$ cat input-v1.txt   # compact mmCIF, all heavy atoms
# COMPACT_ATOMS: atom_id res chain seq x y z
N MET I 1 18.14 -14.96 12.32
CA MET I 1 16.82 -14.86 11.72
C MET I 1 16.42 -16.24 11.20
O MET I 1 17.21 -16.91 10.55
CB MET I 1 16.85 -13.83 10.57
CG MET I 1 15.55 -13.66 9.87
SD MET I 1 15.59 -12.47 8.49
CE MET I 1 16.74 -11.26 9.00
N THR I 2 15.19 -16.61 11.53
CA THR I 2 14.71 -17.92 11.09
C THR I 2 13.57 -17.75 10.08
O THR I 2 12.96 -16.67 9.99
CB THR I 2 14.18 -18.74 12.28
OG1 THR I 2 13.00 -18.12 12.79
CG2 THR I 2 15.23 -18.89 13.37
N LEU I 3 13.29 -18.81 9.38
CA LEU I 3 12.18 -18.79 8.43
C LEU I 3 10.86 -18.55 9.17
O LEU I 3 10.01 -17.79 8.70
CB LEU I 3 12.12 -20.10 7.65
CG LEU I 3 11.00 -20.22 6.62
CD1 LEU I 3 11.06 -19.08 5.60
CD2 LEU I 3 11.06 -21.56 5.92
N ASN I 4 10.70 -19.16 10.34
CA ASN I 4 9.48 -18.94 11.13
C ASN I 4 9.31 -17.46 11.48
O ASN I 4 8.21 -16.93 11.41
CB ASN I 4 9.48 -19.78 12.40
CG ASN I 4 9.01 -21.19 12.15
OD1 ASN I 4 8.42 -21.50 11.12
ND2 ASN I 4 9.29 -22.07 13.10
N GLN I 5 10.39 -16.80 11.88
CA GLN I 5 10.30 -15.38 12.21
C GLN I 5 9.82 -14.56 11.01
O GLN I 5 9.02 -13.64 11.16
CB GLN I 5 11.64 -14.83 12.69
CG GLN I 5 12.00 -15.29 14.09
CD GLN I 5 13.39 -14.85 14.48
OE1 GLN I 5 14.33 -14.95 13.67
NE2 GLN I 5 13.54 -14.39 15.71
N LEU I 6 10.30 -14.90 9.83
CA LEU I 6 9.86 -14.18 8.63
C LEU I 6 8.39 -14.46 8.31
O LEU I 6 7.64 -13.55 7.93
CB LEU I 6 10.74 -14.56 7.44
CG LEU I 6 12.19 -14.11 7.54
CD1 LEU I 6 12.98 -14.65 6.34
CD2 LEU I 6 12.30 -12.61 7.62
N ILE I 7 7.97 -15.70 8.49
CA ILE I 7 6.57 -16.06 8.28
C ILE I 7 5.69 -15.32 9.29
O ILE I 7 4.65 -14.76 8.95
CB ILE I 7 6.38 -17.59 8.36
CG1 ILE I 7 7.06 -18.26 7.16
CG2 ILE I 7 4.90 -17.95 8.45
CD1 ILE I 7 7.19 -19.76 7.30
N TYR I 8 6.12 -15.30 10.54
CA TYR I 8 5.37 -14.61 11.59
C TYR I 8 5.29 -13.11 11.29
O TYR I 8 4.22 -12.51 11.42
CB TYR I 8 6.02 -14.82 12.95
CG TYR I 8 6.05 -16.25 13.45
CD1 TYR I 8 6.83 -16.60 14.54
CD2 TYR I 8 5.31 -17.26 12.83
CE1 TYR I 8 6.86 -17.91 15.01
CE2 TYR I 8 5.34 -18.57 13.29
CZ TYR I 8 6.13 -18.88 14.40
OH TYR I 8 6.16 -20.17 14.85
N PHE I 9 6.42 -12.52 10.90
CA PHE I 9 6.43 -11.09 10.57
C PHE I 9 5.44 -10.78 9.46
O PHE I 9 4.66 -9.84 9.54
CB PHE I 9 7.84 -10.66 10.15
CG PHE I 9 7.87 -9.30 9.53
CD1 PHE I 9 7.77 -8.16 10.31
CD2 PHE I 9 7.96 -9.14 8.15
CE1 PHE I 9 7.76 -6.90 9.73
CE2 PHE I 9 7.95 -7.89 7.57
CZ PHE I 9 7.85 -6.77 8.36
N GLU I 10 5.44 -11.60 8.41
CA GLU I 10 4.55 -11.38 7.27
C GLU I 10 3.09 -11.44 7.71
O GLU I 10 2.28 -10.61 7.31
CB GLU I 10 4.84 -12.42 6.18
CG GLU I 10 4.09 -12.18 4.88
CD GLU I 10 2.70 -12.76 4.86
OE1 GLU I 10 2.44 -13.77 5.54
OE2 GLU I 10 1.85 -12.21 4.14
N LYS I 11 2.75 -12.42 8.54
CA LYS I 11 1.35 -12.58 8.98
C LYS I 11 0.91 -11.43 9.87
O LYS I 11 -0.19 -10.90 9.72
CB LYS I 11 1.18 -13.92 9.69
CG LYS I 11 -0.26 -14.25 10.04
CD LYS I 11 -1.18 -14.28 8.84
CE LYS I 11 -1.00 -15.49 7.99
NZ LYS I 11 -1.94 -15.55 6.85
N VAL I 12 1.76 -11.00 10.79
CA VAL I 12 1.41 -9.87 11.66
C VAL I 12 1.26 -8.60 10.84
O VAL I 12 0.33 -7.82 11.04
CB VAL I 12 2.44 -9.68 12.79
CG1 VAL I 12 2.15 -8.42 13.59
CG2 VAL I 12 2.45 -10.90 13.72
N ALA I 13 2.15 -8.39 9.88
CA ALA I 13 2.05 -7.20 9.01
C ALA I 13 0.76 -7.24 8.19
O ALA I 13 0.11 -6.21 8.00
CB ALA I 13 3.26 -7.13 8.08
N GLU I 14 0.38 -8.41 7.73
CA GLU I 14 -0.85 -8.57 6.93
C GLU I 14 -2.10 -8.35 7.78
O GLU I 14 -3.00 -7.61 7.38
CB GLU I 14 -0.88 -9.98 6.34
CG GLU I 14 -2.14 -10.31 5.58
CD GLU I 14 -2.20 -11.77 5.16
OE1 GLU I 14 -1.20 -12.50 5.28
OE2 GLU I 14 -3.28 -12.18 4.71
N ILE I 15 -2.15 -8.96 8.96
CA ILE I 15 -3.34 -8.95 9.81
C ILE I 15 -3.41 -7.68 10.68
O ILE I 15 -4.48 -7.22 11.03
CB ILE I 15 -3.37 -10.21 10.72
CG1 ILE I 15 -3.35 -11.48 9.88
CG2 ILE I 15 -4.58 -10.20 11.65
CD1 ILE I 15 -4.52 -11.67 8.97
N GLU I 16 -2.25 -7.15 11.06
CA GLU I 16 -2.13 -5.98 11.94
C GLU I 16 -2.73 -6.24 13.32
O GLU I 16 -3.28 -5.34 13.96
CB GLU I 16 -2.77 -4.74 11.31
CG GLU I 16 -2.09 -4.31 10.03
CD GLU I 16 -2.67 -3.06 9.41
OE1 GLU I 16 -3.62 -2.49 9.98
OE2 GLU I 16 -2.17 -2.66 8.35
N ASN I 17 -2.64 -7.50 13.77
CA ASN I 17 -3.15 -7.86 15.09
C ASN I 17 -2.40 -9.11 15.55
O ASN I 17 -2.52 -10.17 14.93
CB ASN I 17 -4.66 -8.14 14.99
CG ASN I 17 -5.27 -8.48 16.33
OD1 ASN I 17 -4.92 -9.48 16.93
ND2 ASN I 17 -6.21 -7.65 16.77
N MET I 18 -1.64 -8.97 16.63
CA MET I 18 -0.80 -10.09 17.10
C MET I 18 -1.65 -11.29 17.53
O MET I 18 -1.30 -12.43 17.21
CB MET I 18 0.07 -9.66 18.28
CG MET I 18 1.23 -8.82 17.88
SD MET I 18 2.71 -9.80 17.70
CE MET I 18 3.89 -8.49 17.65
N GLY I 19 -2.72 -11.05 18.27
CA GLY I 19 -3.55 -12.15 18.76
C GLY I 19 -4.18 -12.94 17.64
O GLY I 19 -4.15 -14.17 17.63
N LEU I 20 -4.75 -12.23 16.67
CA LEU I 20 -5.38 -12.91 15.54
C LEU I 20 -4.34 -13.63 14.68
O LEU I 20 -4.55 -14.76 14.25
CB LEU I 20 -6.17 -11.90 14.69
CG LEU I 20 -6.93 -12.46 13.50
CD1 LEU I 20 -7.88 -13.58 13.91
CD2 LEU I 20 -7.69 -11.34 12.79
N ALA I 21 -3.20 -12.97 14.47
CA ALA I 21 -2.12 -13.61 13.70
C ALA I 21 -1.66 -14.89 14.39
O ALA I 21 -1.44 -15.91 13.74
CB ALA I 21 -0.95 -12.64 13.51
N ALA I 22 -1.53 -14.85 15.71
CA ALA I 22 -1.11 -16.04 16.46
C ALA I 22 -2.12 -17.17 16.26
O ALA I 22 -1.73 -18.32 16.03
CB ALA I 22 -0.96 -15.71 17.94
N ASN I 23 -3.41 -16.84 16.33
CA ASN I 23 -4.44 -17.86 16.11
C ASN I 23 -4.32 -18.46 14.71
O ASN I 23 -4.40 -19.68 14.55
CB ASN I 23 -5.83 -17.28 16.30
CG ASN I 23 -6.17 -17.05 17.75
OD1 ASN I 23 -5.61 -17.68 18.65
ND2 ASN I 23 -7.09 -16.14 18.00
N LEU I 24 -4.13 -17.62 13.72
CA LEU I 24 -4.03 -18.11 12.34
C LEU I 24 -2.76 -18.94 12.11
O LEU I 24 -2.75 -19.84 11.28
CB LEU I 24 -4.07 -16.94 11.36
CG LEU I 24 -5.41 -16.19 11.31
CD1 LEU I 24 -5.28 -14.91 10.47
CD2 LEU I 24 -6.51 -17.08 10.76
N LEU I 25 -1.71 -18.63 12.86
CA LEU I 25 -0.45 -19.36 12.76
C LEU I 25 -0.43 -20.60 13.66
O LEU I 25 0.54 -21.36 13.64
CB LEU I 25 0.72 -18.44 13.11
CG LEU I 25 1.01 -17.31 12.12
CD1 LEU I 25 1.88 -16.25 12.76
CD2 LEU I 25 1.64 -17.87 10.86
N HIS I 26 -1.47 -20.75 14.48
CA HIS I 26 -1.57 -21.89 15.41
C HIS I 26 -0.45 -21.91 16.43
O HIS I 26 0.13 -22.96 16.73
CB HIS I 26 -1.64 -23.22 14.66
CG HIS I 26 -2.73 -23.27 13.64
ND1 HIS I 26 -4.06 -23.36 13.97
CD2 HIS I 26 -2.69 -23.21 12.29
CE1 HIS I 26 -4.79 -23.37 12.88
NE2 HIS I 26 -3.98 -23.27 11.84
N ILE I 27 -0.13 -20.71 16.96
CA ILE I 27 0.86 -20.60 18.04
C ILE I 27 0.27 -19.69 19.12
O ILE I 27 -0.68 -18.95 18.88
CB ILE I 27 2.22 -20.05 17.55
CG1 ILE I 27 2.09 -18.63 17.00
CG2 ILE I 27 2.84 -20.97 16.53
CD1 ILE I 27 3.41 -17.96 16.72
N ALA I 28 0.85 -19.74 20.30
CA ALA I 28 0.41 -18.88 21.40
C ALA I 28 0.86 -17.44 21.13
O ALA I 28 1.95 -17.21 20.59
CB ALA I 28 0.99 -19.37 22.72
N GLN I 29 0.01 -16.49 21.51
CA GLN I 29 0.32 -15.08 21.28
C GLN I 29 1.63 -14.66 21.96
O GLN I 29 2.44 -13.96 21.34
CB GLN I 29 -0.86 -14.21 21.73
CG GLN I 29 -0.70 -12.74 21.40
CD GLN I 29 0.06 -11.98 22.47
OE1 GLN I 29 -0.05 -12.30 23.64
NE2 GLN I 29 0.85 -11.01 22.05
N PRO I 30 1.90 -15.09 23.21
CA PRO I 30 3.19 -14.72 23.80
C PRO I 30 4.39 -15.24 23.01
O PRO I 30 5.41 -14.55 22.89
CB PRO I 30 3.13 -15.34 25.20
CG PRO I 30 1.68 -15.40 25.50
CD PRO I 30 1.03 -15.75 24.18
N SER I 31 4.27 -16.44 22.44
CA SER I 31 5.36 -16.99 21.63
C SER I 31 5.59 -16.15 20.38
O SER I 31 6.73 -15.91 19.98
CB SER I 31 5.05 -18.43 21.22
OG SER I 31 4.99 -19.26 22.33
N LEU I 32 4.50 -15.70 19.78
CA LEU I 32 4.61 -14.85 18.59
C LEU I 32 5.26 -13.52 18.95
O LEU I 32 6.18 -13.06 18.26
CB LEU I 32 3.23 -14.61 17.97
CG LEU I 32 3.18 -13.66 16.78
CD1 LEU I 32 4.05 -14.16 15.64
CD2 LEU I 32 1.74 -13.47 16.32
N SER I 33 4.83 -12.92 20.05
CA SER I 33 5.40 -11.64 20.48
C SER I 33 6.89 -11.77 20.77
O SER I 33 7.69 -10.90 20.38
CB SER I 33 4.69 -11.14 21.74
OG SER I 33 3.36 -10.80 21.45
N ILE I 34 7.28 -12.85 21.42
CA ILE I 34 8.70 -13.07 21.73
C ILE I 34 9.50 -13.26 20.45
O ILE I 34 10.60 -12.70 20.30
CB ILE I 34 8.87 -14.27 22.68
CG1 ILE I 34 8.33 -13.90 24.06
CG2 ILE I 34 10.32 -14.72 22.76
CD1 ILE I 34 8.18 -15.09 25.00
N SER I 35 8.96 -14.02 19.52
CA SER I 35 9.65 -14.25 18.25
C SER I 35 9.87 -12.94 17.48
O SER I 35 10.96 -12.67 16.98
CB SER I 35 8.86 -15.24 17.40
OG SER I 35 9.53 -15.50 16.19
N ILE I 36 8.82 -12.10 17.43
CA ILE I 36 8.93 -10.81 16.75
C ILE I 36 9.92 -9.90 17.49
O ILE I 36 10.75 -9.23 16.87
CB ILE I 36 7.55 -10.13 16.62
CG1 ILE I 36 6.62 -10.96 15.71
CG2 ILE I 36 7.68 -8.70 16.11
CD1 ILE I 36 7.03 -11.03 14.26
N SER I 37 9.85 -9.91 18.81
CA SER I 37 10.77 -9.11 19.62
C SER I 37 12.22 -9.53 19.39
O SER I 37 13.11 -8.69 19.24
CB SER I 37 10.41 -9.23 21.09
OG SER I 37 11.30 -8.49 21.89
N ASN I 38 12.47 -10.84 19.33
CA ASN I 38 13.82 -11.34 19.06
C ASN I 38 14.29 -10.93 17.67
O ASN I 38 15.47 -10.58 17.48
CB ASN I 38 13.88 -12.85 19.21
CG ASN I 38 13.77 -13.30 20.65
OD1 ASN I 38 14.03 -12.53 21.57
ND2 ASN I 38 13.38 -14.54 20.86
N LEU I 39 13.40 -10.95 16.70
CA LEU I 39 13.74 -10.52 15.34
C LEU I 39 14.11 -9.03 15.35
O LEU I 39 15.10 -8.63 14.73
CB LEU I 39 12.58 -10.79 14.38
CG LEU I 39 12.80 -10.39 12.93
CD1 LEU I 39 13.98 -11.12 12.31
CD2 LEU I 39 11.52 -10.65 12.12
N GLU I 40 13.33 -8.23 16.06
CA GLU I 40 13.63 -6.79 16.15
C GLU I 40 15.00 -6.56 16.79
O GLU I 40 15.76 -5.71 16.32
CB GLU I 40 12.55 -6.08 16.96
CG GLU I 40 11.22 -5.98 16.26
CD GLU I 40 10.13 -5.36 17.08
OE1 GLU I 40 10.08 -5.58 18.31
OE2 GLU I 40 9.30 -4.64 16.49
N LYS I 41 15.31 -7.31 17.84
CA LYS I 41 16.61 -7.17 18.50
C LYS I 41 17.75 -7.57 17.56
O LYS I 41 18.77 -6.89 17.48
CB LYS I 41 16.67 -8.02 19.76
CG LYS I 41 15.83 -7.47 20.89
CD LYS I 41 15.82 -8.40 22.08
CE LYS I 41 14.82 -7.91 23.12
NZ LYS I 41 14.63 -8.90 24.19
N GLU I 42 17.54 -8.65 16.82
CA GLU I 42 18.57 -9.12 15.88
C GLU I 42 18.81 -8.09 14.78
O GLU I 42 19.95 -7.86 14.36
CB GLU I 42 18.14 -10.45 15.27
CG GLU I 42 19.18 -11.09 14.40
CD GLU I 42 18.77 -12.47 13.89
OE1 GLU I 42 17.89 -13.09 14.49
OE2 GLU I 42 19.37 -12.90 12.90
N LEU I 43 17.74 -7.48 14.29
CA LEU I 43 17.86 -6.48 13.22
C LEU I 43 18.17 -5.08 13.75
O LEU I 43 18.47 -4.18 12.98
CB LEU I 43 16.56 -6.44 12.41
CG LEU I 43 16.19 -7.73 11.67
CD1 LEU I 43 14.81 -7.60 11.04
CD2 LEU I 43 17.24 -8.07 10.62
N ASN I 44 18.06 -4.93 15.07
CA ASN I 44 18.29 -3.64 15.73
C ASN I 44 17.38 -2.55 15.19
O ASN I 44 17.82 -1.44 14.89
CB ASN I 44 19.77 -3.23 15.63
CG ASN I 44 20.13 -2.13 16.60
OD1 ASN I 44 19.55 -2.06 17.69
ND2 ASN I 44 21.05 -1.27 16.21
N LEU I 45 16.09 -2.89 15.05
CA LEU I 45 15.09 -1.91 14.63
C LEU I 45 13.71 -2.35 15.08
O LEU I 45 13.48 -3.51 15.39
CB LEU I 45 15.10 -1.68 13.12
CG LEU I 45 14.86 -2.87 12.20
CD1 LEU I 45 13.41 -2.95 11.80
CD2 LEU I 45 15.72 -2.71 10.96
N THR I 46 12.81 -1.38 15.16
CA THR I 46 11.43 -1.66 15.55
C THR I 46 10.62 -1.95 14.30
O THR I 46 10.58 -1.14 13.38
CB THR I 46 10.83 -0.44 16.29
OG1 THR I 46 11.64 -0.17 17.43
CG2 THR I 46 9.40 -0.71 16.72
N LEU I 47 10.00 -3.12 14.26
CA LEU I 47 9.20 -3.51 13.11
C LEU I 47 7.74 -3.11 13.26
O LEU I 47 7.06 -2.84 12.27
CB LEU I 47 9.29 -5.03 12.90
CG LEU I 47 10.68 -5.56 12.60
CD1 LEU I 47 10.68 -7.09 12.62
CD2 LEU I 47 11.17 -5.05 11.26
N PHE I 48 7.25 -3.09 14.49
CA PHE I 48 5.85 -2.76 14.74
C PHE I 48 5.74 -1.81 15.92
O PHE I 48 6.46 -1.95 16.90
CB PHE I 48 5.04 -4.03 15.07
CG PHE I 48 5.01 -5.02 13.96
CD1 PHE I 48 5.79 -6.17 14.01
CD2 PHE I 48 4.19 -4.83 12.86
CE1 PHE I 48 5.76 -7.10 12.98
CE2 PHE I 48 4.16 -5.75 11.82
CZ PHE I 48 4.94 -6.88 11.89
N ASN I 49 4.81 -0.87 15.82
CA ASN I 49 4.44 -0.04 16.96
C ASN I 49 3.38 -0.81 17.73
O ASN I 49 2.34 -1.15 17.17
CB ASN I 49 3.89 1.31 16.52
CG ASN I 49 4.94 2.18 15.90
OD1 ASN I 49 6.10 2.18 16.33
ND2 ASN I 49 4.59 2.92 14.88
N ARG I 50 3.66 -1.10 18.97
CA ARG I 50 2.72 -1.86 19.77
C ARG I 50 1.77 -0.91 20.49
O ARG I 50 2.20 0.02 21.15
CB ARG I 50 3.46 -2.75 20.75
CG ARG I 50 4.13 -3.93 20.04
CD ARG I 50 5.28 -4.48 20.85
NE ARG I 50 5.88 -5.64 20.26
CZ ARG I 50 6.79 -5.61 19.30
NH1 ARG I 50 7.20 -4.45 18.82
NH2 ARG I 50 7.31 -6.73 18.82
N VAL I 51 0.49 -1.20 20.38
CA VAL I 51 -0.54 -0.40 21.02
C VAL I 51 -1.36 -1.34 21.90
O VAL I 51 -1.82 -2.38 21.43
CB VAL I 51 -1.46 0.27 19.97
CG1 VAL I 51 -2.55 1.07 20.64
CG2 VAL I 51 -0.65 1.12 19.00
N GLY I 52 -1.52 -0.96 23.18
CA GLY I 52 -2.29 -1.81 24.10
C GLY I 52 -3.78 -1.72 23.83
O GLY I 52 -4.25 -0.94 23.00
N HIS I 53 -4.51 -2.53 24.57
CA HIS I 53 -5.97 -2.52 24.46
C HIS I 53 -6.53 -1.24 25.05
O HIS I 53 -6.10 -0.78 26.10
CB HIS I 53 -6.58 -3.71 25.19
CG HIS I 53 -6.21 -5.04 24.61
ND1 HIS I 53 -6.48 -5.36 23.31
CD2 HIS I 53 -5.59 -6.11 25.14
CE1 HIS I 53 -6.06 -6.58 23.07
NE2 HIS I 53 -5.49 -7.06 24.17
N VAL I 54 -7.52 -0.66 24.41
CA VAL I 54 -8.19 0.53 24.91
C VAL I 54 -8.94 0.16 26.18
O VAL I 54 -9.62 -0.86 26.24
CB VAL I 54 -9.16 1.09 23.84
CG1 VAL I 54 -9.94 2.26 24.40
CG2 VAL I 54 -8.40 1.48 22.59
N GLY I 55 -8.79 0.96 27.20
CA GLY I 55 -9.49 0.72 28.44
C GLY I 55 -8.84 -0.32 29.33
O GLY I 55 -9.35 -0.62 30.39
N ARG I 56 -7.73 -0.85 28.93
CA ARG I 56 -7.03 -1.85 29.72
C ARG I 56 -6.30 -1.17 30.87
O ARG I 56 -5.59 -0.19 30.68
CB ARG I 56 -6.04 -2.60 28.85
CG ARG I 56 -5.34 -3.74 29.55
CD ARG I 56 -4.47 -4.49 28.57
NE ARG I 56 -3.89 -5.64 29.22
CZ ARG I 56 -2.94 -6.36 28.69
NH1 ARG I 56 -2.48 -6.08 27.50
NH2 ARG I 56 -2.46 -7.39 29.32
N PRO I 57 -6.45 -1.67 32.10
CA PRO I 57 -5.78 -1.04 33.23
C PRO I 57 -4.26 -1.12 33.12
O PRO I 57 -3.72 -2.08 32.58
CB PRO I 57 -6.26 -1.84 34.45
CG PRO I 57 -7.18 -2.88 33.97
CD PRO I 57 -7.25 -2.81 32.48
N CYS I 58 -3.59 -0.11 33.60
CA CYS I 58 -2.12 -0.07 33.56
C CYS I 58 -1.51 -0.88 34.67
O CYS I 58 -1.97 -1.09 35.68
CB CYS I 58 -1.63 1.37 33.68
SG CYS I 58 -2.09 2.34 32.25
$ encode --input "input-v1.txt" --output "structure tokens"
Amino acid sequence: MTLNQLIYFEKVAEIENMGLAANLLHIAQPSLSISISNLEKELNLTLFNRVGHVGRPC
């Protein structure tokens, strides 16, 4: 677990939107998602329920 992962987790929890949180953190959204995913794997638990965009093709 890194300090950045904790900062990222806090921002995503506060904003409740990965894309917006990534913009506010000045990082790419895929990098943020990977960082959160790695944190979840390290802790062996799900921190966020991910919901896709409404109307987005499968």
$ residues_around --input "input-v1.txt" --residues "Thr2 in chain I" --least-positions-apart "2" --cutoff "6 Å" --atoms "all atoms listed in the file" --output "list in words"
Asn4, Gln5, Leu6, Ile7, Ser35, Leu39 and Glu42 of chain I
$ atom_distance --input "input-v1.txt" --atom1 "atom N of Ala21 in chain I" --atom2 "CD1 of Leu47 in chain I"
15.2 Å
$ closest_residue --input "input-v1.txt" --among "I:Asn17, I:Lys11, I:Ala22, I:Ile36" --to "Val51 in chain I" --atoms "only C-alpha atoms"
I:Asn17
$ atom_distance --input "input-v1.txt" --atom1 "CG1 of Ile27 in chain I" --atom2 "CG of Tyr8 in chain I"
5.8 Å
$ atom_distance --input "input-v1.txt" --atom1 "atom O of Glu10 in chain I" --atom2 "CD1 of Leu43 in chain I"
13.4 Å
$ select_by_dssp --input "input-v1.txt" --residues "chain I" --states "helix (DSSP H, G or I)" --output "JSON, numbers by chain"
{"I": [3, 4, 5, 6, 7, 8, 9, 10, 11, 12, 13, 14, 15, 18, 19, 20, 21, 22, 23, 24, 25, 29, 30, 31, 32, 33, 34, 35, 36, 37, 38, 39, 40, 41, 42, 43]}
$ residues_around --input "input-v1.txt" --residues "Ser37 in chain I" --least-positions-apart "6" --cutoff "12 Å" --atoms "only C-alpha atoms" --output "tab-separated table (two decimals) with all heavy atoms, in the frame of the given file"
chain	number	residue	atom	x	y	z
I	1	MET	N	18.14	-14.96	12.32
I	1	MET	CA	16.82	-14.86	11.72
I	1	MET	C	16.42	-16.24	11.20
I	1	MET	O	17.21	-16.91	10.55
I	1	MET	CB	16.85	-13.83	10.57
I	1	MET	CG	15.55	-13.66	9.87
I	1	MET	SD	15.59	-12.47	8.49
I	1	MET	CE	16.74	-11.26	9.00
I	5	GLN	N	10.39	-16.80	11.88
I	5	GLN	CA	10.30	-15.38	12.21
I	5	GLN	C	9.82	-14.56	11.01
I	5	GLN	O	9.02	-13.64	11.16
I	5	GLN	CB	11.64	-14.83	12.69
I	5	GLN	CG	12.00	-15.29	14.09
I	5	GLN	CD	13.39	-14.85	14.48
I	5	GLN	OE1	14.33	-14.95	13.67
I	5	GLN	NE2	13.54	-14.39	15.71
I	8	TYR	N	6.12	-15.30	10.54
I	8	TYR	CA	5.37	-14.61	11.59
I	8	TYR	C	5.29	-13.11	11.29
I	8	TYR	O	4.22	-12.51	11.42
I	8	TYR	CB	6.02	-14.82	12.95
I	8	TYR	CG	6.05	-16.25	13.45
I	8	TYR	CD1	6.83	-16.60	14.54
I	8	TYR	CD2	5.31	-17.26	12.83
I	8	TYR	CE1	6.86	-17.91	15.01
I	8	TYR	CE2	5.34	-18.57	13.29
I	8	TYR	CZ	6.13	-18.88	14.40
I	8	TYR	OH	6.16	-20.17	14.85
I	9	PHE	N	6.42	-12.52	10.90
I	9	PHE	CA	6.43	-11.09	10.57
I	9	PHE	C	5.44	-10.78	9.46
I	9	PHE	O	4.66	-9.84	9.54
I	9	PHE	CB	7.84	-10.66	10.15
I	9	PHE	CG	7.87	-9.30	9.53
I	9	PHE	CD1	7.77	-8.16	10.31
I	9	PHE	CD2	7.96	-9.14	8.15
I	9	PHE	CE1	7.76	-6.90	9.73
I	9	PHE	CE2	7.95	-7.89	7.57
I	9	PHE	CZ	7.85	-6.77	8.36
I	18	MET	N	-1.64	-8.97	16.63
I	18	MET	CA	-0.80	-10.09	17.10
I	18	MET	C	-1.65	-11.29	17.53
I	18	MET	O	-1.30	-12.43	17.21
I	18	MET	CB	0.07	-9.66	18.28
I	18	MET	CG	1.23	-8.82	17.88
I	18	MET	SD	2.71	-9.80	17.70
I	18	MET	CE	3.89	-8.49	17.65
I	30	PRO	N	1.90	-15.09	23.21
I	30	PRO	CA	3.19	-14.72	23.80
I	30	PRO	C	4.39	-15.24	23.01
I	30	PRO	O	5.41	-14.55	22.89
I	30	PRO	CB	3.13	-15.34	25.20
I	30	PRO	CG	1.68	-15.40	25.50
I	30	PRO	CD	1.03	-15.75	24.18
I	31	SER	N	4.27	-16.44	22.44
I	31	SER	CA	5.36	-16.99	21.63
I	31	SER	C	5.59	-16.15	20.38
I	31	SER	O	6.73	-15.91	19.98
I	31	SER	CB	5.05	-18.43	21.22
I	31	SER	OG	4.99	-19.26	22.33
I	43	LEU	N	17.74	-7.48	14.29
I	43	LEU	CA	17.86	-6.48	13.22
I	43	LEU	C	18.17	-5.08	13.75
I	43	LEU	O	18.47	-4.18	12.98
I	43	LEU	CB	16.56	-6.44	12.41
I	43	LEU	CG	16.19	-7.73	11.67
I	43	LEU	CD1	14.81	-7.60	11.04
I	43	LEU	CD2	17.24	-8.07	10.62
I	44	ASN	N	18.06	-4.93	15.07
I	44	ASN	CA	18.29	-3.64	15.73
I	44	ASN	C	17.38	-2.55	15.19
I	44	ASN	O	17.82	-1.44	14.89
I	44	ASN	CB	19.77	-3.23	15.63
I	44	ASN	CG	20.13	-2.13	16.60
I	44	ASN	OD1	19.55	-2.06	17.69
I	44	ASN	ND2	21.05	-1.27	16.21
I	45	LEU	N	16.09	-2.89	15.05
I	45	LEU	CA	15.09	-1.91	14.63
I	45	LEU	C	13.71	-2.35	15.08
I	45	LEU	O	13.48	-3.51	15.39
I	45	LEU	CB	15.10	-1.68	13.12
I	45	LEU	CG	14.86	-2.87	12.20
I	45	LEU	CD1	13.41	-2.95	11.80
I	45	LEU	CD2	15.72	-2.71	10.96
I	46	THR	N	12.81	-1.38	15.16
I	46	THR	CA	11.43	-1.66	15.55
I	46	THR	C	10.62	-1.95	14.30
I	46	THR	O	10.58	-1.14	13.38
I	46	THR	CB	10.83	-0.44	16.29
I	46	THR	OG1	11.64	-0.17	17.43
I	46	THR	CG2	9.40	-0.71	16.72
I	47	LEU	N	10.00	-3.12	14.26
I	47	LEU	CA	9.20	-3.51	13.11
I	47	LEU	C	7.74	-3.11	13.26
I	47	LEU	O	7.06	-2.84	12.27
I	47	LEU	CB	9.29	-5.03	12.90
I	47	LEU	CG	10.68	-5.56	12.60
I	47	LEU	CD1	10.68	-7.09	12.62
I	47	LEU	CD2	11.17	-5.05	11.26
I	48	PHE	N	7.25	-3.09	14.49
I	48	PHE	CA	5.85	-2.76	14.74
I	48	PHE	C	5.74	-1.81	15.92
I	48	PHE	O	6.46	-1.95	16.90
I	48	PHE	CB	5.04	-4.03	15.07
I	48	PHE	CG	5.01	-5.02	13.96
I	48	PHE	CD1	5.79	-6.17	14.01
I	48	PHE	CD2	4.19	-4.83	12.86
I	48	PHE	CE1	5.76	-7.10	12.98
I	48	PHE	CE2	4.16	-5.75	11.82
I	48	PHE	CZ	4.94	-6.88	11.89
I	49	ASN	N	4.81	-0.87	15.82
I	49	ASN	CA	4.44	-0.04	16.96
I	49	ASN	C	3.38	-0.81	17.73
I	49	ASN	O	2.34	-1.15	17.17
I	49	ASN	CB	3.89	1.31	16.52
I	49	ASN	CG	4.94	2.18	15.90
I	49	ASN	OD1	6.10	2.18	16.33
I	49	ASN	ND2	4.59	2.92	14.88
I	50	ARG	N	3.66	-1.10	18.97
I	50	ARG	CA	2.72	-1.86	19.77
I	50	ARG	C	1.77	-0.91	20.49
I	50	ARG	O	2.20	0.02	21.15
I	50	ARG	CB	3.46	-2.75	20.75
I	50	ARG	CG	4.13	-3.93	20.04
I	50	ARG	CD	5.28	-4.48	20.85
I	50	ARG	NE	5.88	-5.64	20.26
I	50	ARG	CZ	6.79	-5.61	19.30
I	50	ARG	NH1	7.20	-4.45	18.82
I	50	ARG	NH2	7.31	-6.73	18.82
$ axis_aligned_box --input "input-v1.txt" --around "range 13-28 of chain I" --padding-each-side "4 Å" --output "AutoDock Vina command-line options"
--center_x -2.0 --center_y -12.9 --center_z 13.7 --size_x 19.8 --size_y 28.9 --size_z 26.0
$ closest_residue --input "input-v1.txt" --among "I:Gly19, I:Leu32, I:Glu14, I:Glu40" --to "Gly52 in chain I" --atoms "only C-alpha atoms"
I:Gly19
